[in-house]
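Undergrad: I am attaching a structure below and will ask some questions about it afterwards.
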Amino acid sequence: MAFYHKLGNIPPKRHTQFEQADGSLYKEELVSSKGFSGIYSILYHIHNPNQVKSIGKPKAFDWEIAKEYGLKQTHLNTSEVSTTGKDYLHARKILLKNSDVMMGICIPEDRKMDYFFKNADGDEVIFVHEGNGSLISQFGRLQVKSGDYIVIPRTTIYKFEWKKGKVKLLVIESVSPIETVRRYRNEVGQLLEHSPYCERDIRVPDKLVLEKEEGDYLVQIKKQGQLHQYTYEHSPLDIVGWDGYLFPYALSIHDFEPITGRIHQPPPVHQTFQSAGFVICSFVPRLFDYHPLSIPAPYNHSNIDSDEVLYYVDGEFMSRKGINRGSFTLHMGGLPHGPHPGTVEKSIGKKKTEETAVMLDTFKSLYLTQDALRFVDKNYPMSWSE
């Protein structure tokens, strides 16, 4: 993120003495990206953040690629899935992956987490399809709700607290940092006037959650395909203050302002985030094209150098048949794809759409995981036949 934020108490100058009431020093921690050349924040702990009580045996936490799936237009029918596991980590099911990014769903049975999670492998984008609650981290409390993208920088120690009701999440994990779109920023990082969202739309942690009590605090750390079990005698939420540019934040898909034109606009106008190997786009309710001969449905497109994933959030996607909310389509590079038969003609004369969807476009081939195979709609590759 390209703007400064702070919470709590911090000393007037960094890397200087900052005393607690008993005369001891608060423990300063620099959380930085790209070594010391990227964005960073400085946190002030009551206790030493390196003070580990015990280290347990690592647990496997990886997803095997389905090696012989082949080149096929794909529909993963996940719309009727009621749960994917008991708790937040066990419910994370990655369905698509490559060396840059992983994407999947998380529908936990339990809303509470009695542990913290730290992803040391990558940045995360958690899209809240259903649910309302809070992201609790050392940066404070961030209120989240249905429709939110939650951007969580790597090594953030966090847990979710959900209110009553179903929780349904779309999970994206990136090897490279998640950023705002470069063409929508000026030279100092501020979002420009023609950006489809601005800093006012971005929500940041607004209140520290301070825990001083001793106890057993489990932090499960994801690194290199394993969950490493670290137990501390002090809570990671022992932060009295912090400041900087690196912190989790939320942006609602409902605050994304669509860009429209006289004729059909290509998918890059929907871009919301970028990373080194992919982009994330938001399809939201919008007016259709207003040329007198316009065709609102998208034209056929041959993917030459990218794979395209759509996760269907809500509404009726006018170019597709037989796809329900909560499902995925994957249109692989090397094959043309486009509207289903009859949807082009049906779209003519329509003035607007109420569809909502999240799109992931990758620049390397995506692979299905073994977990994804049970959701494959075998009829989808032939669904363009009249």
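Quick note on naming: the chains in the structure tokens go A, B, ... in the order shown, residues restart at 1 in each chain, and ligands are numbered from 1 in order of appearance.
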Per residue of region 109-165 of chain A within 12 Å of region 25-47 of chain A, which atom pair is closest and at what distance in Å (one decimal), using only C-alpha atoms, listed by chain and increasing number, as a tab-separated table?

TA:
```
residue	atom	partner	partner_atom	distance
A:Ala120	CA	A:Ser33	CA	11.7
A:Gly122	CA	A:Ser33	CA	11.2
A:Asp123	CA	A:Ser33	CA	10.8
A:Ser137	CA	A:Leu43	CA	11.9
A:Gln138	CA	A:Leu43	CA	8.3
A:Phe139	CA	A:Leu43	CA	8.3
A:Gly140	CA	A:Leu43	CA	11.3
A:Pro153	CA	A:Ser33	CA	9.0
A:Arg154	CA	A:Ser33	CA	8.8
A:Thr155	CA	A:Val31	CA	8.4
A:Thr156	CA	A:Val31	CA	9.0
A:Ile157	CA	A:Val31	CA	11.4
```

Undergrad: I need the chosen residues saved as an mmCIF file, in the first residue's frame, with N, CA, C and O atoms.

TA:
```cif
data_model
loop_
_atom_site.group_PDB
_atom_site.id
_atom_site.type_symbol
_atom_site.label_atom_id
_atom_site.label_comp_id
_atom_site.auth_asym_id
_atom_site.auth_seq_id
_atom_site.Cartn_x
_atom_site.Cartn_y
_atom_site.Cartn_z
ATOM 1 N N ALA A 120 4.119 -17.425 5.724
ATOM 2 C CA ALA A 120 5.472 -16.970 5.427
ATOM 3 C C ALA A 120 5.855 -17.211 3.975
ATOM 4 O O ALA A 120 6.958 -16.847 3.558
ATOM 5 N N GLY A 122 3.636 -16.310 1.206
ATOM 6 C CA GLY A 122 3.078 -15.374 0.242
ATOM 7 C C GLY A 122 2.065 -14.422 0.838
ATOM 8 O O GLY A 122 1.576 -14.601 1.955
ATOM 9 N N ASP A 123 1.764 -13.379 0.051
ATOM 10 C CA ASP A 123 0.668 -12.470 0.376
ATOM 11 C C ASP A 123 -0.652 -13.183 0.091
ATOM 12 O O ASP A 123 -0.720 -14.075 -0.762
ATOM 13 N N SER A 137 -5.194 -8.966 14.006
ATOM 14 C CA SER A 137 -3.766 -9.158 13.779
ATOM 15 C C SER A 137 -2.977 -8.247 14.686
ATOM 16 O O SER A 137 -3.557 -7.449 15.441
ATOM 17 N N GLN A 138 -1.635 -8.349 14.632
ATOM 18 C CA GLN A 138 -0.819 -7.453 15.452
ATOM 19 C C GLN A 138 -0.979 -5.999 15.021
ATOM 20 O O GLN A 138 -0.607 -5.078 15.743
ATOM 21 N N PHE A 139 -1.586 -5.760 13.850
ATOM 22 C CA PHE A 139 -1.860 -4.403 13.382
ATOM 23 C C PHE A 139 -3.197 -3.869 13.889
ATOM 24 O O PHE A 139 -3.532 -2.705 13.638
ATOM 25 N N GLY A 140 -3.971 -4.728 14.572
ATOM 26 C CA GLY A 140 -5.233 -4.287 15.129
ATOM 27 C C GLY A 140 -6.431 -5.020 14.560
ATOM 28 O O GLY A 140 -6.304 -6.041 13.885
ATOM 29 N N PRO A 153 -0.601 -8.925 3.948
ATOM 30 C CA PRO A 153 0.818 -9.113 3.599
ATOM 31 C C PRO A 153 1.396 -10.346 4.286
ATOM 32 O O PRO A 153 0.984 -10.710 5.396
ATOM 33 N N ARG A 154 2.357 -10.976 3.622
ATOM 34 C CA ARG A 154 2.979 -12.167 4.207
ATOM 35 C C ARG A 154 3.580 -11.857 5.579
ATOM 36 O O ARG A 154 3.964 -10.725 5.858
ATOM 37 N N THR A 155 3.641 -12.855 6.417
ATOM 38 C CA THR A 155 4.113 -12.861 7.806
ATOM 39 C C THR A 155 3.187 -12.111 8.769
ATOM 40 O O THR A 155 3.497 -12.011 9.953
ATOM 41 N N THR A 156 2.061 -11.602 8.289
ATOM 42 C CA THR A 156 1.069 -11.053 9.225
ATOM 43 C C THR A 156 0.526 -12.193 10.088
ATOM 44 O O THR A 156 0.117 -13.227 9.574
ATOM 45 N N ILE A 157 0.551 -12.015 11.393
ATOM 46 C CA ILE A 157 0.014 -13.006 12.327
ATOM 47 C C ILE A 157 -1.453 -12.636 12.580
ATOM 48 O O ILE A 157 -1.741 -11.551 13.069
#
```

Undergrad: Using only C-alpha atoms, find each residue in region 161-262 of chain A having at least one atom no more than 10 Å away from region 141-146 of chain A; report its shortest atom-to-atom pair and that distance in Å (one decimal), rows by chain then rising number, as JSON lines.

TA:
```
{"residue": "A:Glu161", "atom": "CA", "partner": "A:Gln143", "partner_atom": "CA", "distance": 9.6}
{"residue": "A:Trp162", "atom": "CA", "partner": "A:Val144", "partner_atom": "CA", "distance": 9.1}
{"residue": "A:Lys163", "atom": "CA", "partner": "A:Lys145", "partner_atom": "CA", "distance": 9.9}
{"residue": "A:Val167", "atom": "CA", "partner": "A:Ser146", "partner_atom": "CA", "distance": 9.1}
{"residue": "A:Lys168", "atom": "CA", "partner": "A:Ser146", "partner_atom": "CA", "distance": 9.0}
{"residue": "A:Leu169", "atom": "CA", "partner": "A:Ser146", "partner_atom": "CA", "distance": 9.3}
{"residue": "A:Arg203", "atom": "CA", "partner": "A:Leu142", "partner_atom": "CA", "distance": 7.6}
{"residue": "A:Val204", "atom": "CA", "partner": "A:Leu142", "partner_atom": "CA", "distance": 6.2}
{"residue": "A:Pro205", "atom": "CA", "partner": "A:Leu142", "partner_atom": "CA", "distance": 4.3}
{"residue": "A:Asp206", "atom": "CA", "partner": "A:Arg141", "partner_atom": "CA", "distance": 6.2}
{"residue": "A:Lys207", "atom": "CA", "partner": "A:Arg141", "partner_atom": "CA", "distance": 5.4}
{"residue": "A:Leu208", "atom": "CA", "partner": "A:Arg141", "partner_atom": "CA", "distance": 6.1}
{"residue": "A:Val209", "atom": "CA", "partner": "A:Arg141", "partner_atom": "CA", "distance": 6.5}
{"residue": "A:Pro248", "atom": "CA", "partner": "A:Leu142", "partner_atom": "CA", "distance": 8.1}
{"residue": "A:Tyr249", "atom": "CA", "partner": "A:Leu142", "partner_atom": "CA", "distance": 7.3}
{"residue": "A:Ala250", "atom": "CA", "partner": "A:Val144", "partner_atom": "CA", "distance": 7.1}
{"residue": "A:Leu251", "atom": "CA", "partner": "A:Val144", "partner_atom": "CA", "distance": 9.1}
{"residue": "A:Ser252", "atom": "CA", "partner": "A:Ser146", "partner_atom": "CA", "distance": 8.1}
{"residue": "A:Ile253", "atom": "CA", "partner": "A:Ser146", "partner_atom": "CA", "distance": 9.2}
{"residue": "A:His254", "atom": "CA", "partner": "A:Ser146", "partner_atom": "CA", "distance": 9.6}
```

Undergrad: So which residues of region 139-379 of chain A fall under alpha helix (DSSP H) by DSSP, listed as JSON, numbers by chain?

TA: {"A": [343, 344, 345, 346, 347]}

Undergrad: Now that the selection is made, can you save its residues with C-alpha atoms as a compact mmCIF listing (two decimals), in the first residue's frame?

TA:
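In the end it all went to result-v3.txt:
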```
# COMPACT_ATOMS: atom_id res chain seq x y z
CA THR A 343 -26.42 -15.52 -25.17
CA VAL A 344 -25.11 -12.99 -27.71
CA GLU A 345 -28.51 -12.51 -29.31
CA LYS A 346 -30.20 -12.51 -25.92
CA SER A 347 -27.95 -9.69 -24.69
```

Undergrad: A:Gly133, A:Pro108, A:Pro177, A:Gly342: which is nearest Ser275 (chain A), counting only C-alpha atoms?

TA: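 Smallest separation from Ser275 (chain A) among the options: A:Pro177.
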
Undergrad: Which region 4-82 of chain A residues have any atom within 10 Å of an atom of region 87-99 of chain A, and for each, what is the nearest pair of atoms with distance in Å to one decimal, counting only C-alpha atoms, rows sorted by chain and number, as CSV?

TA:
```
residue,atom,partner,partner_atom,distance
A:Phe61,CA,A:Leu89,CA,9.0
A:Asp62,CA,A:Ile94,CA,8.5
A:Trp63,CA,A:Ile94,CA,6.6
A:Glu64,CA,A:Ile94,CA,9.4
A:Ile65,CA,A:Lys97,CA,7.8
A:Ala66,CA,A:Leu96,CA,9.7
A:Leu76,CA,A:Leu95,CA,8.8
```

Undergrad: Among the residues of region 93-337 of chain A, find those DSSP assigns to strand (DSSP E or B) from the backbone and print them as a ChimeraX atom specification.

TA: /A:93-97,101-106,108,116-119,123-130,133-137,140-144,148-152,157-162,168-174,179,185,191,202-203,207,214-223,226-234,239-244,249-252,271-274,278-283,286-287,301-302,307-314,328-331,336-337

Undergrad: Please indicate the distance in Å from CA of Ile136 (chain A) to CA of Tyr312 (chain A), rounded to one decimal place.

TA: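 These two atoms are separated by 27.5 Å.
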
Undergrad: Tell me, in Å to one decimal, how far CA of Leu192 (chain A) is from CA of Ala357 (chain A).

TA: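 Going from CA of Leu192 (chain A) over to CA of Ala357 (chain A), I get 24.1 Å.
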
Undergrad: Pick from A:Ser176, A:Ser294, A:Ser195, A:Gln226: nearest to Asp255 (chain A), with only C-alpha atoms counted?

TA: A:Ser195

Undergrad: Would you mind reading off the distance between CA of Ala297 (chain A) and CA of Glu316 (chain A), one decimal, in Å?

TA: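 It comes out at 12.5 Å.
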
Undergrad: Find the residues near Ile259 (chain A): any atom within 10 Å, counting only C-alpha atoms, skip ones fewer than 6 places away on the same chain, and give them as a list in words.

TA: His194, Ser195, Pro196, Gln265, Pro268, Val269, His270, Arg286 and Leu287 of chain A

Undergrad: Restricting it to N, CA and C atoms, dump the selection as a compact mmCIF listing (two decimals), in the first residue's frame.

TA:
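Printed below is result-v4.txt as written:
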```
# COMPACT_ATOMS: atom_id res chain seq x y z
N HIS A 194 -8.86 8.80 -12.30
CA HIS A 194 -9.62 7.87 -13.14
C HIS A 194 -9.54 6.43 -12.64
N SER A 195 -8.94 6.22 -11.46
CA SER A 195 -8.93 4.88 -10.88
C SER A 195 -10.34 4.48 -10.48
N PRO A 196 -10.71 3.20 -10.64
CA PRO A 196 -12.07 2.77 -10.26
C PRO A 196 -12.30 2.69 -8.75
N GLN A 265 -16.19 -3.21 -23.45
CA GLN A 265 -14.87 -2.94 -22.90
C GLN A 265 -14.17 -4.26 -22.54
N PRO A 268 -9.35 -5.83 -18.97
CA PRO A 268 -8.45 -4.98 -18.18
C PRO A 268 -9.13 -3.79 -17.51
N VAL A 269 -10.28 -3.32 -18.00
CA VAL A 269 -10.95 -2.20 -17.32
C VAL A 269 -11.50 -2.62 -15.96
N HIS A 270 -11.58 -3.92 -15.73
CA HIS A 270 -12.09 -4.42 -14.45
C HIS A 270 -10.96 -4.72 -13.46
N ARG A 286 -23.34 -2.94 -13.67
CA ARG A 286 -22.93 -1.79 -14.48
C ARG A 286 -23.89 -1.60 -15.65
N LEU A 287 -23.87 -0.41 -16.23
CA LEU A 287 -24.62 -0.16 -17.45
C LEU A 287 -23.90 -0.81 -18.62
```
